[in-house]
Every structure is written in structure tokens, then in C-alpha cells.
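Working notes, beginning with the structure itself.
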Amino acid sequence: MDKKKILVGVSNYEKNCPKARKMLLDKGYELLEIDREEPYTKEELMELSGDIDGAIAGMEPWCEEVFAKAPKLKVVARFGVGYDTVDLEAAKNHGIVACNVRSFMLSNSVAEYALTLMLSAMKNVIPMDKVMRENRWDRFTGSQLHGKTIGIMGFGAIGRCFARLMKGFDVARVLAYDPYPNEEAAKELGVTFASKEEVLKESDCVTLHIPNTPENYHFIDKEELALMKDGVVIVNTARGPAWNLDAIYEGLKSGKVGAAGVDVYEQEPPEKDMPILSCPNVVLQPHSSSETWESKEAVSVDCAQCVIDALEGRKPKTALN
């Protein structure tokens, strides 16, 4: 019998995910692992997918054209929470199970990172590091979370983890917006649900944890920024399209936005001459909020189990279609 083949679109899989990799190899699967940082293009996937039985997906596009070239494909397991790179309806039409991963370790990693960006931006960590490296002693006045109103846009697993972190900072209030409010979790975490407009108007700091859906495109734009307090701090570790980065840049220049933390971009890698690069009051990161050893192990093991379950005739616990 031919070995089942698994296409792995996650870079450095052998180094970063040894436990999950062993799970797949112990099943006798053959792994076709990407050997670079950049994701496969659609055209590359169409060439590679003709003989694969499963896939562990990074950020490459799994769409109708790819599925049509993959007659043996049974499962695509997304290495993360977001699944906007997988066409769920097309996968279903081809009899392919699509899954994501909902590990606490992943959610907590992103929440901790969002907090890191927020604090770094508020306290001018990057500008002060820069002047020290230039052998200067310029000092900057920042602000603190104590007594602030925190706004969480999206109260899913990551938003709830962020709310839990706020318990240690003695903030004044934590507000949250979510079209499907989890009242029980909000009560447990001391969070008050409010409308999108109320959260924007009343928050000193806002963190985005919304899914990348058409209705959430530019969820934060010029109109939303106009509602916010002057000097608001805003962080995005969700997806690049969740805000209009040009509007954030204009807000940083005018002072409407006091500081920002940016981990995601509409185009990744982003353009090298982005205007926001000139702003000192912004912390820029390369889509790294989930990158911890703990989350990699948890996510990779869950992904591997999804693939194994699907190929052995069981429905994966995090099937999306």
C-alpha cells in the first residue's frame, strides 16, 4: 500500500514541531515539508496537491482551483485559529474536511503578545531602546494601564484570555464588543458588553481580536477613529484587514492615536516603504503573536491529531465544515 502523503506548509516544522511530526511519521505517513519562510502560492499548491492525502496549512491559499487538482485530499488542518485562507464551502464540495486549532496555549500566547505590544507602545519602549543604542540619554514620558478603560473587540478565546490578563492591572473597566456575547464568561472575568460605538468612545486602550470576515473588513477606519478618545492606544494581533492601517498612520501623525501595536498587515510581508515606519510611537512586529514554544507544541499536536482522525475515518474535533 502506498504511504499517505501529508503536505506541510508550516516552515521549520522538523525543528519547531518534533512531537507532532513524530505522531505523523509513526503512522507511516510521508511528509512533504516546505523549505522556506514564504507560503506556497496558489500555482505551487496546484502543482503539489495532485498526490497528497492531507495537509497542515500555513498561510497558503486553499481554494477551489487547488482542491480541483487534489483528488486524494481528505483533510486540511489550519495551523492556528484563523481559517480565512481556506475556502470552507469549496472544501466541503470536494469532500475535504477543514479544521482549525483552538488550543488555550495559542489563545493565551496571542493575548500575552497583544498586552506586550500595548505596554511597549504606551511606555515608549522602542524609542528609548533606540536612543540607548545611539549612546544618548533621552527619556520619554509614557502612561500606565492602572485606572484605564480597556476595550476588547472580539470576545472569543483570545479576547477572553486578554480579559483574564487585565485582572492583574487594576484597570477601571474592561468593555467588550462581540456580536455573539458570552455572558457567562464576561461575568466570570468582570467584563461588560457594550456596542461597538460605546467601546470605541469610552476606551483608553483598544485591542482587536476579531475574525477576518468580509463584514469585519476595515472594522476600524477613519470613522471609527473619530469616535475614539484623543491619544487612544490601539493594538491589532488579529488580521491586517481588521483595520485601515493608513487611517492608523494618519491618527498617529495627528495625535488622535497616542500609540499603536501592529503585528498583522493586509499584505504579508508588507511593503518596505510603509508610511507607518516613520512613526516613533508604534511597535511593529512580523505576525508573530502566536510564536511561542508552548503554543507551537500544542497547535502542532492538535493539527496532527486532526489529520490522523480524518484519515482514519473519524471526524476531527475542530472540523469547520
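Chain labels follow the order of the C-alpha cells: the first chain is A, the next B, and so on; residue numbering restarts at 1 in every chain, and ligands are counted from 1 in their shown order.
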Excluding range 116-124 of chain A and its own-chain neighbours fewer than 3 positions away, which residues fall within 7 Å of it when counting only C-alpha atoms? Please give them as a PDB file with all heavy atoms, in the first residue's frame.
ATOM      1  N   GLU A 112      -1.128  37.414  25.430  1.00  0.00           N
ATOM      2  CA  GLU A 112       0.071  37.951  26.091  1.00  0.00           C
ATOM      3  C   GLU A 112       0.830  38.885  25.152  1.00  0.00           C
ATOM      4  O   GLU A 112       1.357  39.926  25.568  1.00  0.00           O
ATOM      5  CB  GLU A 112       0.988  36.809  26.527  1.00  0.00           C
ATOM      6  CG  GLU A 112       0.507  36.047  27.750  1.00  0.00           C
ATOM      7  CD  GLU A 112       1.552  35.056  28.248  1.00  0.00           C
ATOM      8  OE1 GLU A 112       2.662  34.998  27.661  1.00  0.00           O
ATOM      9  OE2 GLU A 112       1.265  34.344  29.227  1.00  0.00           O
ATOM     10  N   TYR A 113       0.880  38.519  23.885  1.00  0.00           N
ATOM     11  CA  TYR A 113       1.601  39.337  22.907  1.00  0.00           C
ATOM     12  C   TYR A 113       0.900  40.673  22.697  1.00  0.00           C
ATOM     13  O   TYR A 113       1.551  41.719  22.598  1.00  0.00           O
ATOM     14  CB  TYR A 113       1.692  38.575  21.592  1.00  0.00           C
ATOM     15  CG  TYR A 113       2.859  38.950  20.719  1.00  0.00           C
ATOM     16  CD1 TYR A 113       4.086  38.312  20.868  1.00  0.00           C
ATOM     17  CD2 TYR A 113       2.742  39.924  19.738  1.00  0.00           C
ATOM     18  CE1 TYR A 113       5.165  38.634  20.060  1.00  0.00           C
ATOM     19  CE2 TYR A 113       3.808  40.247  18.926  1.00  0.00           C
ATOM     20  CZ  TYR A 113       5.011  39.599  19.082  1.00  0.00           C
ATOM     21  OH  TYR A 113       6.072  39.920  18.280  1.00  0.00           O
ATOM     22  N   PRO A 127      11.324  53.532  21.198  1.00  0.00           N
ATOM     23  CA  PRO A 127      12.140  54.745  21.062  1.00  0.00           C
ATOM     24  C   PRO A 127      13.257  54.839  22.099  1.00  0.00           C
ATOM     25  O   PRO A 127      14.369  55.275  21.786  1.00  0.00           O
ATOM     26  CB  PRO A 127      11.119  55.877  21.243  1.00  0.00           C
ATOM     27  CG  PRO A 127       9.819  55.281  20.858  1.00  0.00           C
ATOM     28  CD  PRO A 127       9.887  53.858  21.305  1.00  0.00           C
ATOM     29  N   MET A 128      12.979  54.412  23.338  1.00  0.00           N
ATOM     30  CA  MET A 128      14.013  54.515  24.365  1.00  0.00           C
ATOM     31  C   MET A 128      15.131  53.504  24.139  1.00  0.00           C
ATOM     32  O   MET A 128      16.299  53.784  24.396  1.00  0.00           O
ATOM     33  CB  MET A 128      13.389  54.360  25.754  1.00  0.00           C
ATOM     34  CG  MET A 128      12.623  55.614  26.182  1.00  0.00           C
ATOM     35  SD  MET A 128      12.221  55.674  27.941  1.00  0.00           S
ATOM     36  CE  MET A 128      10.813  54.590  27.997  1.00  0.00           C
ATOM     37  N   PHE A 140      11.551  59.471  27.769  1.00  0.00           N
ATOM     38  CA  PHE A 140      10.200  59.723  27.285  1.00  0.00           C
ATOM     39  C   PHE A 140       9.208  59.457  28.412  1.00  0.00           C
ATOM     40  O   PHE A 140       9.414  58.568  29.226  1.00  0.00           O
ATOM     41  CB  PHE A 140       9.857  58.799  26.112  1.00  0.00           C
ATOM     42  CG  PHE A 140      10.763  58.946  24.919  1.00  0.00           C
ATOM     43  CD1 PHE A 140      12.037  58.404  24.928  1.00  0.00           C
ATOM     44  CD2 PHE A 140      10.330  59.616  23.786  1.00  0.00           C
ATOM     45  CE1 PHE A 140      12.866  58.516  23.825  1.00  0.00           C
ATOM     46  CE2 PHE A 140      11.158  59.739  22.687  1.00  0.00           C
ATOM     47  CZ  PHE A 140      12.427  59.186  22.702  1.00  0.00           C
ATOM     48  N   GLY A 142       5.697  58.036  29.452  1.00  0.00           N
ATOM     49  CA  GLY A 142       4.659  57.143  28.954  1.00  0.00           C
ATOM     50  C   GLY A 142       3.433  57.170  29.846  1.00  0.00           C
ATOM     51  O   GLY A 142       3.215  58.124  30.606  1.00  0.00           O
ATOM     52  N   SER A 143       2.612  56.125  29.741  1.00  0.00           N
ATOM     53  CA  SER A 143       1.421  56.023  30.572  1.00  0.00           C
ATOM     54  C   SER A 143       1.274  54.585  31.046  1.00  0.00           C
ATOM     55  O   SER A 143       2.029  53.699  30.640  1.00  0.00           O
ATOM     56  CB  SER A 143       0.182  56.478  29.801  1.00  0.00           C
ATOM     57  OG  SER A 143       0.047  55.738  28.599  1.00  0.00           O
ATOM     58  N   GLN A 144       0.303  54.369  31.934  1.00  0.00           N
ATOM     59  CA  GLN A 144       0.135  53.047  32.520  1.00  0.00           C
ATOM     60  C   GLN A 144      -1.306  52.557  32.377  1.00  0.00           C
ATOM     61  O   GLN A 144      -2.224  53.356  32.122  1.00  0.00           O
ATOM     62  CB  GLN A 144       0.550  53.058  33.982  1.00  0.00           C
ATOM     63  CG  GLN A 144      -0.117  54.121  34.827  1.00  0.00           C
ATOM     64  CD  GLN A 144       0.506  54.222  36.206  1.00  0.00           C
ATOM     65  OE1 GLN A 144       0.494  53.254  36.968  1.00  0.00           O
ATOM     66  NE2 GLN A 144       1.057  55.380  36.529  1.00  0.00           N
ATOM     67  N   VAL A 235      -4.183  48.223  19.377  1.00  0.00           N
ATOM     68  CA  VAL A 235      -3.310  47.096  19.041  1.00  0.00           C
ATOM     69  C   VAL A 235      -4.079  46.120  18.154  1.00  0.00           C
ATOM     70  O   VAL A 235      -5.255  45.829  18.402  1.00  0.00           O
ATOM     71  CB  VAL A 235      -2.846  46.367  20.330  1.00  0.00           C
ATOM     72  CG1 VAL A 235      -2.163  45.058  20.005  1.00  0.00           C
ATOM     73  CG2 VAL A 235      -1.918  47.274  21.137  1.00  0.00           C
ATOM     74  N   ALA A 259      -0.588  55.793  20.511  1.00  0.00           N
ATOM     75  CA  ALA A 259       0.405  54.749  20.253  1.00  0.00           C
ATOM     76  C   ALA A 259      -0.321  53.559  19.666  1.00  0.00           C
ATOM     77  O   ALA A 259      -1.532  53.380  19.855  1.00  0.00           O
ATOM     78  CB  ALA A 259       1.137  54.359  21.537  1.00  0.00           C
ATOM     79  N   ALA A 260       0.431  52.726  18.937  1.00  0.00           N
ATOM     80  CA  ALA A 260      -0.179  51.550  18.306  1.00  0.00           C
ATOM     81  C   ALA A 260       0.781  50.384  18.332  1.00  0.00           C
ATOM     82  O   ALA A 260       2.002  50.558  18.324  1.00  0.00           O
ATOM     83  CB  ALA A 260      -0.591  51.863  16.868  1.00  0.00           C
ATOM     84  N   GLY A 261       0.211  49.192  18.341  1.00  0.00           N
ATOM     85  CA  GLY A 261       0.971  47.957  18.214  1.00  0.00           C
ATOM     86  C   GLY A 261       0.465  47.211  16.996  1.00  0.00           C
ATOM     87  O   GLY A 261      -0.734  46.949  16.884  1.00  0.00           O
ATOM     88  N   ASN A 281       5.937  56.321  17.603  1.00  0.00           N
ATOM     89  CA  ASN A 281       5.018  55.837  18.638  1.00  0.00           C
ATOM     90  C   ASN A 281       4.236  54.607  18.179  1.00  0.00           C
ATOM     91  O   ASN A 281       3.041  54.469  18.436  1.00  0.00           O
ATOM     92  CB  ASN A 281       4.057  56.943  19.059  1.00  0.00           C
ATOM     93  CG  ASN A 281       3.408  57.657  17.870  1.00  0.00           C
ATOM     94  OD1 ASN A 281       3.931  57.641  16.754  1.00  0.00           O
ATOM     95  ND2 ASN A 281       2.284  58.294  18.113  1.00  0.00           N
ATOM     96  N   VAL A 282       4.924  53.705  17.502  1.00  0.00           N
ATOM     97  CA  VAL A 282       4.295  52.468  17.060  1.00  0.00           C
ATOM     98  C   VAL A 282       5.292  51.321  17.215  1.00  0.00           C
ATOM     99  O   VAL A 282       6.495  51.491  17.011  1.00  0.00           O
ATOM    100  CB  VAL A 282       3.819  52.590  15.588  1.00  0.00           C
ATOM    101  CG1 VAL A 282       4.981  52.862  14.654  1.00  0.00           C
ATOM    102  CG2 VAL A 282       3.078  51.341  15.137  1.00  0.00           C
ATOM    103  N   VAL A 283       4.783  50.154  17.625  1.00  0.00           N
ATOM    104  CA  VAL A 283       5.593  48.941  17.735  1.00  0.00           C
ATOM    105  C   VAL A 283       5.173  48.018  16.602  1.00  0.00           C
ATOM    106  O   VAL A 283       4.003  47.645  16.493  1.00  0.00           O
ATOM    107  CB  VAL A 283       5.383  48.238  19.090  1.00  0.00           C
ATOM    108  CG1 VAL A 283       6.290  47.018  19.200  1.00  0.00           C
ATOM    109  CG2 VAL A 283       5.651  49.201  20.232  1.00  0.00           C
TER     110      VAL A 283
END
Quick check for you: according to DSSP on this backbone, which residues of range 54-196 of chain A are classed as strand (DSSP E or B)? Reply as a list in words.
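Restricting range 54-196 of chain A to strand (DSSP E or B) produces Gly54, Ala55, Ile56, Ala57, Trp62, Val75, Val76, Ala77, Arg78, Val86, Val97, Ala98, Cys99, Thr149, Ile150, Gly151, Ile152, Met153, Arg173, Val174, Leu175, Ala176, Tyr177, Thr192 and Phe193 of chain A.
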Write the residues you've just listed into a file as a CSV table (one decimal), in the first residue's frame, and include N, CA, C and O atoms for each of them.
chain,number,residue,atom,x,y,z
A,54,GLY,N,-3.5,14.6,2.8
A,54,GLY,CA,-3.8,15.6,3.9
A,54,GLY,C,-2.8,16.7,3.9
A,54,GLY,O,-1.8,16.7,3.2
A,55,ALA,N,-3.2,17.8,4.6
A,55,ALA,CA,-2.4,19.0,4.6
A,55,ALA,C,-2.4,19.7,6.0
A,55,ALA,O,-3.5,19.7,6.6
A,56,ILE,N,-1.3,20.1,6.4
A,56,ILE,CA,-1.2,21.0,7.6
A,56,ILE,C,-0.9,22.4,7.0
A,56,ILE,O,0.2,22.6,6.4
A,57,ALA,N,-1.8,23.3,7.1
A,57,ALA,CA,-1.8,24.5,6.3
A,57,ALA,C,-1.2,25.7,7.1
A,57,ALA,O,-1.6,25.9,8.3
A,62,TRP,N,-5.9,27.8,0.1
A,62,TRP,CA,-6.6,26.6,-0.2
A,62,TRP,C,-8.0,27.0,-0.8
A,62,TRP,O,-8.9,27.3,0.0
A,75,VAL,N,-8.2,16.0,4.1
A,75,VAL,CA,-8.3,16.9,5.2
A,75,VAL,C,-7.2,18.1,5.1
A,75,VAL,O,-6.1,17.8,4.6
A,76,VAL,N,-7.7,19.3,5.5
A,76,VAL,CA,-6.8,20.4,5.6
A,76,VAL,C,-6.9,21.0,7.0
A,76,VAL,O,-8.0,21.4,7.4
A,77,ALA,N,-5.8,20.9,7.8
A,77,ALA,CA,-5.8,21.3,9.2
A,77,ALA,C,-5.0,22.6,9.2
A,77,ALA,O,-3.8,22.6,9.0
A,78,ARG,N,-5.7,23.7,9.6
A,78,ARG,CA,-5.0,25.0,9.7
A,78,ARG,C,-4.2,25.1,10.9
A,78,ARG,O,-4.7,24.9,12.0
A,86,VAL,N,-8.7,29.3,3.9
A,86,VAL,CA,-9.3,28.0,3.4
A,86,VAL,C,-10.7,28.3,3.0
A,86,VAL,O,-11.5,28.8,3.8
A,97,VAL,N,-12.4,17.7,4.6
A,97,VAL,CA,-12.6,18.2,6.0
A,97,VAL,C,-11.6,19.3,6.2
A,97,VAL,O,-10.4,19.1,6.0
A,98,ALA,N,-12.1,20.5,6.7
A,98,ALA,CA,-11.2,21.6,7.0
A,98,ALA,C,-11.3,21.8,8.6
A,98,ALA,O,-12.4,21.7,9.1
A,99,CYS,N,-10.2,22.0,9.2
A,99,CYS,CA,-10.1,22.1,10.7
A,99,CYS,C,-9.3,23.4,11.0
A,99,CYS,O,-8.4,23.8,10.2
A,149,THR,N,-9.7,52.4,31.0
A,149,THR,CA,-10.8,51.6,30.4
A,149,THR,C,-10.3,50.9,29.2
A,149,THR,O,-9.7,51.5,28.3
A,150,ILE,N,-10.4,49.6,29.2
A,150,ILE,CA,-9.8,48.7,28.2
A,150,ILE,C,-11.0,48.2,27.3
A,150,ILE,O,-12.0,47.7,27.8
A,151,GLY,N,-10.8,48.3,26.0
A,151,GLY,CA,-11.8,47.8,25.1
A,151,GLY,C,-11.3,46.6,24.3
A,151,GLY,O,-10.2,46.7,23.7
A,152,ILE,N,-12.1,45.5,24.4
A,152,ILE,CA,-11.7,44.3,23.6
A,152,ILE,C,-12.7,44.1,22.5
A,152,ILE,O,-13.9,43.9,22.8
A,153,MET,N,-12.2,44.1,21.3
A,153,MET,CA,-13.1,43.9,20.1
A,153,MET,C,-13.0,42.4,19.7
A,153,MET,O,-12.0,42.0,19.1
A,173,ARG,N,-12.2,49.6,34.0
A,173,ARG,CA,-13.2,48.8,33.4
A,173,ARG,C,-12.7,48.0,32.2
A,173,ARG,O,-11.7,48.5,31.6
A,174,VAL,N,-13.3,46.9,32.0
A,174,VAL,CA,-13.0,46.2,30.7
A,174,VAL,C,-14.3,46.1,30.0
A,174,VAL,O,-15.3,45.4,30.4
A,175,LEU,N,-14.3,46.7,28.8
A,175,LEU,CA,-15.5,46.6,27.9
A,175,LEU,C,-15.2,45.7,26.8
A,175,LEU,O,-14.1,45.5,26.4
A,176,ALA,N,-16.3,45.0,26.3
A,176,ALA,CA,-16.1,44.1,25.1
A,176,ALA,C,-17.2,44.3,24.2
A,176,ALA,O,-18.4,44.5,24.6
A,177,TYR,N,-16.9,44.1,22.9
A,177,TYR,CA,-17.9,44.0,21.8
A,177,TYR,C,-17.8,42.7,21.1
A,177,TYR,O,-16.7,42.3,20.8
A,192,THR,N,-17.8,44.0,30.8
A,192,THR,CA,-19.1,44.5,30.5
A,192,THR,C,-19.2,44.5,29.0
A,192,THR,O,-18.4,45.2,28.3
A,193,PHE,N,-20.3,43.9,28.4
A,193,PHE,CA,-20.5,44.0,27.0
A,193,PHE,C,-21.1,45.4,26.6
A,193,PHE,O,-21.9,45.9,27.4
Just checking: using only C-alpha atoms, which residue out of A:Lys22, A:Arg164, A:His94, A:Lys253 ends up closest to Val66 in chain A?
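Closest candidate: A:His94.
One distance worth recording is that between CA of Val191 in chain A and CA of Val257 in chain A, which is 23.9 Å.
CA of Asp53 in chain A to CA of Ile6 in chain A spans 6.0 Å [interatomic distance, one decimal].
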Sorted per-residue table, range 40-159 of chain A near range 210-232 of chain A, closest atoms and distance, 7 Å, only C-alpha atoms, as CSV:
residue,atom,partner,partner_atom,distance
A:Gly82,CA,A:Pro211,CA,6.9
A:Asp84,CA,A:Asn212,CA,6.3
A:Met153,CA,A:Ile210,CA,6.3
A:Gly154,CA,A:Ile210,CA,4.7
Let's have the selection written as a PDB file, in the first residue's frame, with all heavy atoms.
ATOM      1  N   GLY A  82      -7.246  31.205  12.884  1.00  0.00           N
ATOM      2  CA  GLY A  82      -7.820  31.792  11.681  1.00  0.00           C
ATOM      3  C   GLY A  82      -7.854  30.805  10.527  1.00  0.00           C
ATOM      4  O   GLY A  82      -6.913  30.035  10.327  1.00  0.00           O
ATOM      5  N   ASP A  84      -9.187  31.950   7.305  1.00  0.00           N
ATOM      6  CA  ASP A  84      -9.590  32.750   6.154  1.00  0.00           C
ATOM      7  C   ASP A  84      -8.857  32.351   4.877  1.00  0.00           C
ATOM      8  O   ASP A  84      -9.264  32.746   3.784  1.00  0.00           O
ATOM      9  CB  ASP A  84      -9.376  34.238   6.440  1.00  0.00           C
ATOM     10  CG  ASP A  84      -8.028  34.537   7.057  1.00  0.00           C
ATOM     11  OD1 ASP A  84      -7.799  34.110   8.197  1.00  0.00           O
ATOM     12  OD2 ASP A  84      -7.190  35.191   6.405  1.00  0.00           O
ATOM     13  N   MET A 153     -12.227  44.134  21.301  1.00  0.00           N
ATOM     14  CA  MET A 153     -13.080  43.914  20.135  1.00  0.00           C
ATOM     15  C   MET A 153     -12.972  42.449  19.719  1.00  0.00           C
ATOM     16  O   MET A 153     -11.972  42.028  19.143  1.00  0.00           O
ATOM     17  CB  MET A 153     -12.647  44.826  18.992  1.00  0.00           C
ATOM     18  CG  MET A 153     -12.910  46.297  19.250  1.00  0.00           C
ATOM     19  SD  MET A 153     -14.689  46.578  19.460  1.00  0.00           S
ATOM     20  CE  MET A 153     -14.737  48.379  19.446  1.00  0.00           C
ATOM     21  N   GLY A 154     -14.003  41.688  20.041  1.00  0.00           N
ATOM     22  CA  GLY A 154     -13.991  40.252  19.789  1.00  0.00           C
ATOM     23  C   GLY A 154     -13.731  39.517  21.087  1.00  0.00           C
ATOM     24  O   GLY A 154     -12.625  39.580  21.632  1.00  0.00           O
TER      25      GLY A 154
END
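Rounded to one decimal, CA of Cys63 in chain A and CA of Asp263 in chain A lie 25.3 Å from each other.
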DSSP on the backbone, then: every residue of range 39-120 of chain A marked alpha helix (DSSP H), written as a PyMOL selection string.
chain A and resi 42-48+64-67+88-93+104-120
Excluding same-chain residues fewer than 6 positions from Ile308 in chain A, what lies within 10 Å of it counting only C-alpha atoms, as a CSV table (one decimal) with C-alpha atoms, in the first residue's frame?
chain,number,residue,atom,x,y,z
A,23,MET,CA,3.0,11.4,15.5
A,24,LEU,CA,2.6,11.6,11.8
A,27,LYS,CA,1.5,6.4,11.4
A,29,TYR,CA,2.8,9.0,6.6
A,54,GLY,CA,-3.8,15.6,3.9
A,75,VAL,CA,-8.3,16.9,5.2
A,302,ASP,CA,-3.8,19.2,17.7
A,314,ARG,CA,-13.1,9.9,12.4
A,315,LYS,CA,-14.5,13.4,12.4
A,316,PRO,CA,-11.8,15.8,13.8
Non-local contacts of Ser290 in chain A (7 Å; only C-alpha atoms; under 4 positions in same chain excluded) as a short mmCIF file (atom, residue, chain, number, x, y, z; two decimals) with N, CA, C and O atoms, in the first residue's frame:
data_model
loop_
_atom_site.label_atom_id
_atom_site.label_comp_id
_atom_site.auth_asym_id
_atom_site.auth_seq_id
_atom_site.Cartn_x
_atom_site.Cartn_y
_atom_site.Cartn_z
N LEU A 106 -2.39 28.58 22.40
CA LEU A 106 -2.36 29.51 21.28
C LEU A 106 -3.06 30.81 21.63
O LEU A 106 -2.53 31.90 21.42
N SER A 109 -1.06 32.79 24.13
CA SER A 109 0.13 33.37 23.52
C SER A 109 -0.20 34.68 22.81
O SER A 109 0.50 35.68 22.97
N VAL A 110 -1.28 34.68 22.02
CA VAL A 110 -1.68 35.89 21.29
C VAL A 110 -2.10 36.99 22.27
O VAL A 110 -1.74 38.16 22.10
N SER A 295 2.95 27.25 22.49
CA SER A 295 1.83 27.23 21.55
C SER A 295 2.14 26.37 20.33
O SER A 295 1.27 25.68 19.80
#
Pick from A:Leu73, A:Val199, A:Ala304, A:Ala90, whichever lies nearest to Asp26 in chain A using only C-alpha atoms:
A:Ala304
Minimum-distance residue to Ala111 in chain A, chosen among A:Lys92, A:Arg139, A:His209, A:Lys148 (using only C-alpha atoms):
A:His209
Neighbours of Leu115 in chain A within 9 Å (only C-alpha atoms; same-chain residues fewer than 6 positions away dropped), as a VMD selection string?
chain A and resid 162 165 to 166 207 235
Prev. selection, N, CA, C and O atoms, output as a PDB file, in the first residue's frame:
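File produced: result32.pdb:
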ATOM      1  N   PHE A 162      -7.238  37.751  27.033  1.00  0.00           N
ATOM      2  CA  PHE A 162      -6.763  39.121  27.292  1.00  0.00           C
ATOM      3  C   PHE A 162      -7.483  39.712  28.507  1.00  0.00           C
ATOM      4  O   PHE A 162      -6.851  40.368  29.355  1.00  0.00           O
ATOM      5  N   LEU A 165      -5.935  38.558  31.670  1.00  0.00           N
ATOM      6  CA  LEU A 165      -4.674  39.230  31.977  1.00  0.00           C
ATOM      7  C   LEU A 165      -4.906  40.593  32.633  1.00  0.00           C
ATOM      8  O   LEU A 165      -4.081  41.062  33.427  1.00  0.00           O
ATOM      9  N   MET A 166      -6.011  41.224  32.291  1.00  0.00           N
ATOM     10  CA  MET A 166      -6.297  42.553  32.841  1.00  0.00           C
ATOM     11  C   MET A 166      -6.560  42.534  34.345  1.00  0.00           C
ATOM     12  O   MET A 166      -6.470  43.564  35.016  1.00  0.00           O
ATOM     13  N   THR A 207      -7.935  46.657  21.893  1.00  0.00           N
ATOM     14  CA  THR A 207      -7.216  45.539  21.290  1.00  0.00           C
ATOM     15  C   THR A 207      -8.169  44.758  20.401  1.00  0.00           C
ATOM     16  O   THR A 207      -9.321  44.491  20.782  1.00  0.00           O
ATOM     17  N   VAL A 235      -4.183  48.223  19.377  1.00  0.00           N
ATOM     18  CA  VAL A 235      -3.310  47.096  19.041  1.00  0.00           C
ATOM     19  C   VAL A 235      -4.079  46.120  18.154  1.00  0.00           C
ATOM     20  O   VAL A 235      -5.255  45.829  18.402  1.00  0.00           O
TER      21      VAL A 235
END
